[in-house]
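Colleague: One structure follows; several queries about it will come next.
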Amino acid sequence: MSMNTQGRPTSAGDTTETFRPKTFTGNRALDMEEPLIFEFGSVETCGVDLDEADTPEFELGGHERQAEIGLPGLAEPEAMRHYVRMSRNNYAIDSGLYPLGSCTMKHNPRLNEKMARLPGFADIHPLQPASTVPGALELIDELAHWLMVSTGMEAVAMSPKAGAHGELCGMMAIKAAHTAANRSPEIVLVPESAHGTNPATAALLGYKVVSIDAKDDGTVDLDKLKETIAKHDGNIAGIMLTNPNTCGLFERDIRTIADLIHAAGGFFYCDGANFNAIVGKARPGDLGVDAMHINLHKTFSTPHGGGGPGSGPVVLSDKLAAFAPLPFIRKTDSGLELVETNEATTDGEQPFGRMTAFQGQMGMYVRALSYMMSHGSDGLRQASEDAVLNANYIRVGLQDLMSLPYGVRPCMHEVLFDDSFLKDTGVTTLDFAKAMIDEGYHPMTMYFPLVVHGAMLIEPTESESRASLDLFIATMRDLVMSAKRGETERFSGAPYLAPRRRLDETSAARKPVLKWTAPEPVEISPSEAAE
Ligand SMILES: *Cc1c(COP(=O)(O)O)cnc(C)c1O
């Protein structure tokens, strides 16, 4: 066993050891096998010691619960252990590189968390009168300001709670603008490489989705776009386009695309989920964009999930600003006010309605603003540059072994490979991803975008150090060489070392079992029951 200079072993041990004990507990060393809480909790157990309640007067007019709901109780240490053990089965950005393309899994700075926990932000309630929370309104307004500055846009709707929700908001504003102009165009154009949420959003609003082909280089085919616009002349509500697109490429013709759409009477919705690649470098407002959502959990480092809904504010051009949904903040001489109803609107404000019960996700606003302020404009630009640099570092480290569908050229914040390098190896994209799990990596985004066969989309983000990227590249190279040498077993049965092996993902998706059913109670014969 090799030792480091401090006399400590440098690896886990002799890797030629093949004996793997079958343990009595099912645990694997300190990785615990964790049952469902329903399997070991008990309805009789309670983590707190409460006084017996006085039987209350029922006030529900006969709607009170008739039977036990059967929730399992645990003592506090048991509850603690259950959730801590389960959390150890989670792979997170806090445990390692998370190269999931299109998702921008970047580090969530702890400073953000500290700010979000300040009682003045954390302990306020959405039903508190707005006059008691001027600081919170100021924070929302300040964040809105910097979102508009960084995108070069006129207005921002803050309330949407995710990227997809923001898309819906932006497209509803577009629909409202058409309606206000007595127009009702029926078609939304969506390029082939779009994120699935784009056509879904358009379809949800009753639009007919018409797809635009990509050129061989992965970007929108302008000639096809022109043809389609001419074919549906006068009936085009807008286009939904992602830039940088889901192949990690910048749509260089974006200004022309914007002009074509505007000339056709449509609006330009830009999916801004990939904004992390261009912050401080390009402003969507200068590119002719009319509406764009910003995923605060991607670009501005707020956590993905965990702790409630996310936040997907939508920046709007001057043509759409008037249609922003309620509630919104208005600046007056006496300060900021929250406009919550149609009655409170003034001339020119024509909100299309309301997307959320309250003003949006306060905790995410605080985190995003904390991230912006701690970075400053130079730091935000640097983060984008580093995100792009890191993706290209991986591209260059792997492009001789893995295949780039659009040839060797620089990418933006993510690098897209296809599976042609696996041809004739007997290893599929899925096998390859599973083998990465054994190596301690969350796989990259697989089989997306659909325009590429066996897509593998890698987005390291700016959070990774050079050492971390080097180890990732070396691991990937080792896997590729192993596949090319015909070591299929390493892939076909992977993951070998995860708490669960390969799951039947199709059944899990098609026939999800979402409810735990208690095992049949043991039969008690009538005579026993009577005793
Ligand atoms: C993540 C993403 C979305 C959806 O954002 P959510 O916050 O997950 O709803 C939309 N488009 C693209 C390109 C994305 O990467």
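Convention: chains lettered A, B, ... in structure tokens order; per-chain residue numbering from 1; ligands numbered from 1 as shown.
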Which residues, written as a list in words, have at least one atom at most 6 Å from segment 429-446 of chain A, with only C-alpha atoms counted and residues fewer than 4 positions away on the same chain left out?
Modeller: Tyr98, Pro99, Leu100, Gly101, Gly454, Ala455, Met456, Leu457, Ile458, Phe491, Ser492, Ala494, Pro495 and Leu497 of chain A
Colleague: As a quick test: using only C-alpha atoms and all ligand atoms, which residues lie no more than 8 Å away from ligand 1? Give them as a ChimeraX atom specification.
Modeller: /A:101-104,161-167,194-198,242,245-246,271-274,295,297-298,310-312
Colleague: Just the strand (DSSP E) stuff from segment 130-221 of chain A, please, per backbone DSSP, written as a ChimeraX atom specification.
Modeller: /A:155-157,187-191,208-212
Colleague: What would the file look like if the residues just selected were written as a JSON list (two decimals), in the first residue's frame with N, CA and C atoms?
Modeller:
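File again.json, as written:
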```json
[["chain", "number", "residue", "atom", "x", "y", "z"],
["A", 155, "ALA", "N", -38.64, 45.74, -17.74],
["A", 155, "ALA", "CA", -39.44, 45.39, -16.57],
["A", 155, "ALA", "C", -39.13, 43.96, -16.18],
["A", 156, "VAL", "N", -39.59, 43.58, -14.98],
["A", 156, "VAL", "CA", -39.41, 42.18, -14.59],
["A", 156, "VAL", "C", -40.60, 41.73, -13.74],
["A", 157, "ALA", "N", -41.13, 40.56, -14.06],
["A", 157, "ALA", "CA", -42.18, 39.96, -13.25],
["A", 157, "ALA", "C", -41.48, 39.03, -12.27],
["A", 187, "ILE", "N", -49.88, 30.40, -33.73],
["A", 187, "ILE", "CA", -48.69, 29.57, -33.85],
["A", 187, "ILE", "C", -47.50, 30.10, -33.05],
["A", 188, "VAL", "N", -46.82, 29.18, -32.36],
["A", 188, "VAL", "CA", -45.55, 29.52, -31.71],
["A", 188, "VAL", "C", -44.47, 28.65, -32.33],
["A", 189, "LEU", "N", -43.40, 29.29, -32.79],
["A", 189, "LEU", "CA", -42.29, 28.57, -33.41],
["A", 189, "LEU", "C", -41.32, 28.12, -32.33],
["A", 190, "VAL", "N", -40.88, 26.88, -32.42],
["A", 190, "VAL", "CA", -39.93, 26.36, -31.44],
["A", 190, "VAL", "C", -38.84, 25.58, -32.16],
["A", 191, "PRO", "N", -37.60, 26.02, -32.07],
["A", 191, "PRO", "CA", -36.52, 25.28, -32.73],
["A", 191, "PRO", "C", -36.39, 23.87, -32.17],
["A", 208, "LYS", "N", -50.48, 26.38, -31.28],
["A", 208, "LYS", "CA", -50.00, 25.28, -32.09],
["A", 208, "LYS", "C", -48.48, 25.44, -32.20],
["A", 209, "VAL", "N", -47.74, 24.37, -31.92],
["A", 209, "VAL", "CA", -46.29, 24.45, -31.94],
["A", 209, "VAL", "C", -45.77, 24.01, -33.31],
["A", 210, "VAL", "N", -44.98, 24.85, -33.94],
["A", 210, "VAL", "CA", -44.36, 24.48, -35.21],
["A", 210, "VAL", "C", -42.85, 24.46, -35.00],
["A", 211, "SER", "N", -42.25, 23.32, -35.31],
["A", 211, "SER", "CA", -40.83, 23.12, -35.04],
["A", 211, "SER", "C", -39.97, 23.69, -36.18],
["A", 212, "ILE", "N", -38.82, 24.25, -35.80],
["A", 212, "ILE", "CA", -37.87, 24.77, -36.79],
["A", 212, "ILE", "C", -36.62, 23.90, -36.76]]
```
Colleague: For segment 461-518 of chain A against segment 373-389 of chain A, with a cut-off of 9 Å and counting only C-alpha atoms, what is the closest atom pair and its distance in Å to one decimal for every residue that makes the cut, ordered by chain and number, as a tab-separated table?
Modeller:
```
residue	atom	partner	partner_atom	distance
A:Thr461	CA	A:Ala387	CA	4.6
A:Glu462	CA	A:Ala387	CA	4.0
A:Ser463	CA	A:Ala387	CA	7.8
A:Glu464	CA	A:Ala387	CA	8.8
```
Colleague: What's the 9 Å shell around Leu398 of chain A, counting only C-alpha atoms, without same-chain residues fewer than 3 positions away, as a count of residues only?
Modeller: 10
Colleague: How close does each residue of segment 140-181 of chain A get to segment 322-325 of chain A, giving the shortest atom pair and distance in Å to one decimal for every residue with an atom at most 7 Å away, counting only C-alpha atoms, sorted by chain and residue number, as CSV?
Modeller:
```
residue,atom,partner,partner_atom,distance
A:Ala157,CA,A:Ala324,CA,5.7
A:Ala173,CA,A:Phe323,CA,5.4
A:Ala176,CA,A:Phe323,CA,6.7
A:Ala177,CA,A:Phe323,CA,7.0
```
Colleague: Please produce a file of the residues just selected, as a PDB file, in the first residue's frame, where the atoms kept are N, CA and C atoms.
Modeller:
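And here's selection.pdb as it stands now:
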```pdb
ATOM      1  N   ALA A 157     -41.126  40.561 -14.065  1.00  0.00           N
ATOM      2  CA  ALA A 157     -42.183  39.958 -13.247  1.00  0.00           C
ATOM      3  C   ALA A 157     -41.482  39.028 -12.273  1.00  0.00           C
ATOM      4  N   ALA A 173     -47.933  36.925 -20.960  1.00  0.00           N
ATOM      5  CA  ALA A 173     -47.800  38.355 -21.246  1.00  0.00           C
ATOM      6  C   ALA A 173     -47.875  38.584 -22.759  1.00  0.00           C
ATOM      7  N   ALA A 176     -51.409  38.224 -23.829  1.00  0.00           N
ATOM      8  CA  ALA A 176     -52.182  39.400 -23.419  1.00  0.00           C
ATOM      9  C   ALA A 176     -51.902  40.576 -24.349  1.00  0.00           C
ATOM     10  N   ALA A 177     -50.652  40.724 -24.789  1.00  0.00           N
ATOM     11  CA  ALA A 177     -50.306  41.833 -25.686  1.00  0.00           C
ATOM     12  C   ALA A 177     -51.003  41.666 -27.036  1.00  0.00           C
TER      13      ALA A 177
END
```
Colleague: Please identify all polymer residues within 12 Å of Ser150 of chain A, counting only C-alpha atoms, omitting same-chain residues fewer than 3 positions from it, and present them as a VMD selection string.
Modeller: chain A and resid 143 to 147 153 to 156 275 to 276 278 to 286 294 299 to 300 315 372 376 to 378 380 to 381
Colleague: Could you save those same residues with N, CA and C atoms as a PDB file, in the first residue's frame?
Modeller:
```pdb
ATOM      1  N   LEU A 143     -33.296  43.596  -6.237  1.00  0.00           N
ATOM      2  CA  LEU A 143     -32.993  42.428  -7.070  1.00  0.00           C
ATOM      3  C   LEU A 143     -33.566  42.644  -8.476  1.00  0.00           C
ATOM      4  N   ALA A 144     -34.814  43.136  -8.532  1.00  0.00           N
ATOM      5  CA  ALA A 144     -35.456  43.392  -9.823  1.00  0.00           C
ATOM      6  C   ALA A 144     -34.596  44.357 -10.636  1.00  0.00           C
ATOM      7  N   HIS A 145     -34.095  45.385  -9.953  1.00  0.00           N
ATOM      8  CA  HIS A 145     -33.264  46.380 -10.633  1.00  0.00           C
ATOM      9  C   HIS A 145     -32.046  45.722 -11.293  1.00  0.00           C
ATOM     10  N   TRP A 146     -31.340  44.883 -10.529  1.00  0.00           N
ATOM     11  CA  TRP A 146     -30.122  44.283 -11.082  1.00  0.00           C
ATOM     12  C   TRP A 146     -30.433  43.248 -12.159  1.00  0.00           C
ATOM     13  N   LEU A 147     -31.595  42.597 -12.055  1.00  0.00           N
ATOM     14  CA  LEU A 147     -31.976  41.673 -13.131  1.00  0.00           C
ATOM     15  C   LEU A 147     -32.226  42.454 -14.422  1.00  0.00           C
ATOM     16  N   MET A 153     -33.292  44.955 -19.904  1.00  0.00           N
ATOM     17  CA  MET A 153     -34.724  44.910 -20.190  1.00  0.00           C
ATOM     18  C   MET A 153     -35.468  45.947 -19.360  1.00  0.00           C
ATOM     19  N   GLU A 154     -36.728  46.183 -19.765  1.00  0.00           N
ATOM     20  CA  GLU A 154     -37.525  47.289 -19.249  1.00  0.00           C
ATOM     21  C   GLU A 154     -38.206  46.979 -17.922  1.00  0.00           C
ATOM     22  N   ALA A 155     -38.638  45.738 -17.743  1.00  0.00           N
ATOM     23  CA  ALA A 155     -39.442  45.390 -16.572  1.00  0.00           C
ATOM     24  C   ALA A 155     -39.133  43.961 -16.179  1.00  0.00           C
ATOM     25  N   VAL A 156     -39.590  43.577 -14.983  1.00  0.00           N
ATOM     26  CA  VAL A 156     -39.413  42.180 -14.591  1.00  0.00           C
ATOM     27  C   VAL A 156     -40.597  41.734 -13.740  1.00  0.00           C
ATOM     28  N   PHE A 275     -28.454  31.532 -18.980  1.00  0.00           N
ATOM     29  CA  PHE A 275     -27.915  32.893 -18.821  1.00  0.00           C
ATOM     30  C   PHE A 275     -26.532  32.883 -18.167  1.00  0.00           C
ATOM     31  N   ASN A 276     -26.235  31.809 -17.412  1.00  0.00           N
ATOM     32  CA  ASN A 276     -24.937  31.747 -16.721  1.00  0.00           C
ATOM     33  C   ASN A 276     -23.754  31.860 -17.689  1.00  0.00           C
ATOM     34  N   ILE A 278     -23.526  33.974 -20.176  1.00  0.00           N
ATOM     35  CA  ILE A 278     -23.344  35.287 -20.814  1.00  0.00           C
ATOM     36  C   ILE A 278     -23.510  36.488 -19.885  1.00  0.00           C
ATOM     37  N   VAL A 279     -23.670  36.243 -18.583  1.00  0.00           N
ATOM     38  CA  VAL A 279     -23.856  37.385 -17.669  1.00  0.00           C
ATOM     39  C   VAL A 279     -22.655  38.327 -17.798  1.00  0.00           C
ATOM     40  N   GLY A 280     -22.937  39.596 -17.986  1.00  0.00           N
ATOM     41  CA  GLY A 280     -21.859  40.584 -18.082  1.00  0.00           C
ATOM     42  C   GLY A 280     -21.192  40.610 -19.448  1.00  0.00           C
ATOM     43  N   LYS A 281     -21.619  39.725 -20.356  1.00  0.00           N
ATOM     44  CA  LYS A 281     -21.009  39.669 -21.683  1.00  0.00           C
ATOM     45  C   LYS A 281     -21.994  40.151 -22.758  1.00  0.00           C
ATOM     46  N   ALA A 282     -23.248  39.732 -22.634  1.00  0.00           N
ATOM     47  CA  ALA A 282     -24.261  40.116 -23.621  1.00  0.00           C
ATOM     48  C   ALA A 282     -25.572  40.350 -22.886  1.00  0.00           C
ATOM     49  N   ARG A 283     -26.337  41.354 -23.349  1.00  0.00           N
ATOM     50  CA  ARG A 283     -27.620  41.641 -22.702  1.00  0.00           C
ATOM     51  C   ARG A 283     -28.757  41.258 -23.645  1.00  0.00           C
ATOM     52  N   PRO A 284     -29.626  40.344 -23.202  1.00  0.00           N
ATOM     53  CA  PRO A 284     -30.732  39.897 -24.063  1.00  0.00           C
ATOM     54  C   PRO A 284     -31.529  41.070 -24.642  1.00  0.00           C
ATOM     55  N   GLY A 285     -31.672  42.156 -23.864  1.00  0.00           N
ATOM     56  CA  GLY A 285     -32.398  43.322 -24.377  1.00  0.00           C
ATOM     57  C   GLY A 285     -31.763  43.866 -25.647  1.00  0.00           C
ATOM     58  N   ASP A 286     -30.449  43.788 -25.746  1.00  0.00           N
ATOM     59  CA  ASP A 286     -29.762  44.282 -26.944  1.00  0.00           C
ATOM     60  C   ASP A 286     -29.906  43.318 -28.117  1.00  0.00           C
ATOM     61  N   ILE A 294     -35.378  33.933 -15.926  1.00  0.00           N
ATOM     62  CA  ILE A 294     -34.051  33.710 -15.359  1.00  0.00           C
ATOM     63  C   ILE A 294     -34.226  32.716 -14.225  1.00  0.00           C
ATOM     64  N   THR A 299     -28.467  30.411 -12.639  1.00  0.00           N
ATOM     65  CA  THR A 299     -27.497  31.497 -12.777  1.00  0.00           C
ATOM     66  C   THR A 299     -27.078  32.129 -11.458  1.00  0.00           C
ATOM     67  N   PHE A 300     -28.034  32.323 -10.549  1.00  0.00           N
ATOM     68  CA  PHE A 300     -27.709  33.111  -9.364  1.00  0.00           C
ATOM     69  C   PHE A 300     -27.593  32.276  -8.085  1.00  0.00           C
ATOM     70  N   VAL A 315     -37.899  38.759 -17.235  1.00  0.00           N
ATOM     71  CA  VAL A 315     -37.675  40.131 -17.674  1.00  0.00           C
ATOM     72  C   VAL A 315     -38.471  40.365 -18.953  1.00  0.00           C
ATOM     73  N   MET A 372     -25.301  38.204  -6.036  1.00  0.00           N
ATOM     74  CA  MET A 372     -24.950  39.311  -6.940  1.00  0.00           C
ATOM     75  C   MET A 372     -24.068  40.330  -6.241  1.00  0.00           C
ATOM     76  N   GLY A 376     -20.317  41.300  -7.287  1.00  0.00           N
ATOM     77  CA  GLY A 376     -20.135  42.551  -8.027  1.00  0.00           C
ATOM     78  C   GLY A 376     -20.205  42.270  -9.520  1.00  0.00           C
ATOM     79  N   SER A 377     -20.278  43.338 -10.319  1.00  0.00           N
ATOM     80  CA  SER A 377     -20.451  43.118 -11.757  1.00  0.00           C
ATOM     81  C   SER A 377     -19.223  42.427 -12.354  1.00  0.00           C
ATOM     82  N   ASP A 378     -18.037  42.781 -11.851  1.00  0.00           N
ATOM     83  CA  ASP A 378     -16.834  42.127 -12.396  1.00  0.00           C
ATOM     84  C   ASP A 378     -16.811  40.649 -12.027  1.00  0.00           C
ATOM     85  N   LEU A 380     -19.431  38.725 -11.434  1.00  0.00           N
ATOM     86  CA  LEU A 380     -20.458  37.986 -12.185  1.00  0.00           C
ATOM     87  C   LEU A 380     -19.949  37.673 -13.600  1.00  0.00           C
ATOM     88  N   ARG A 381     -19.285  38.660 -14.195  1.00  0.00           N
ATOM     89  CA  ARG A 381     -18.737  38.441 -15.531  1.00  0.00           C
ATOM     90  C   ARG A 381     -17.672  37.339 -15.477  1.00  0.00           C
TER      91      ARG A 381
END
```
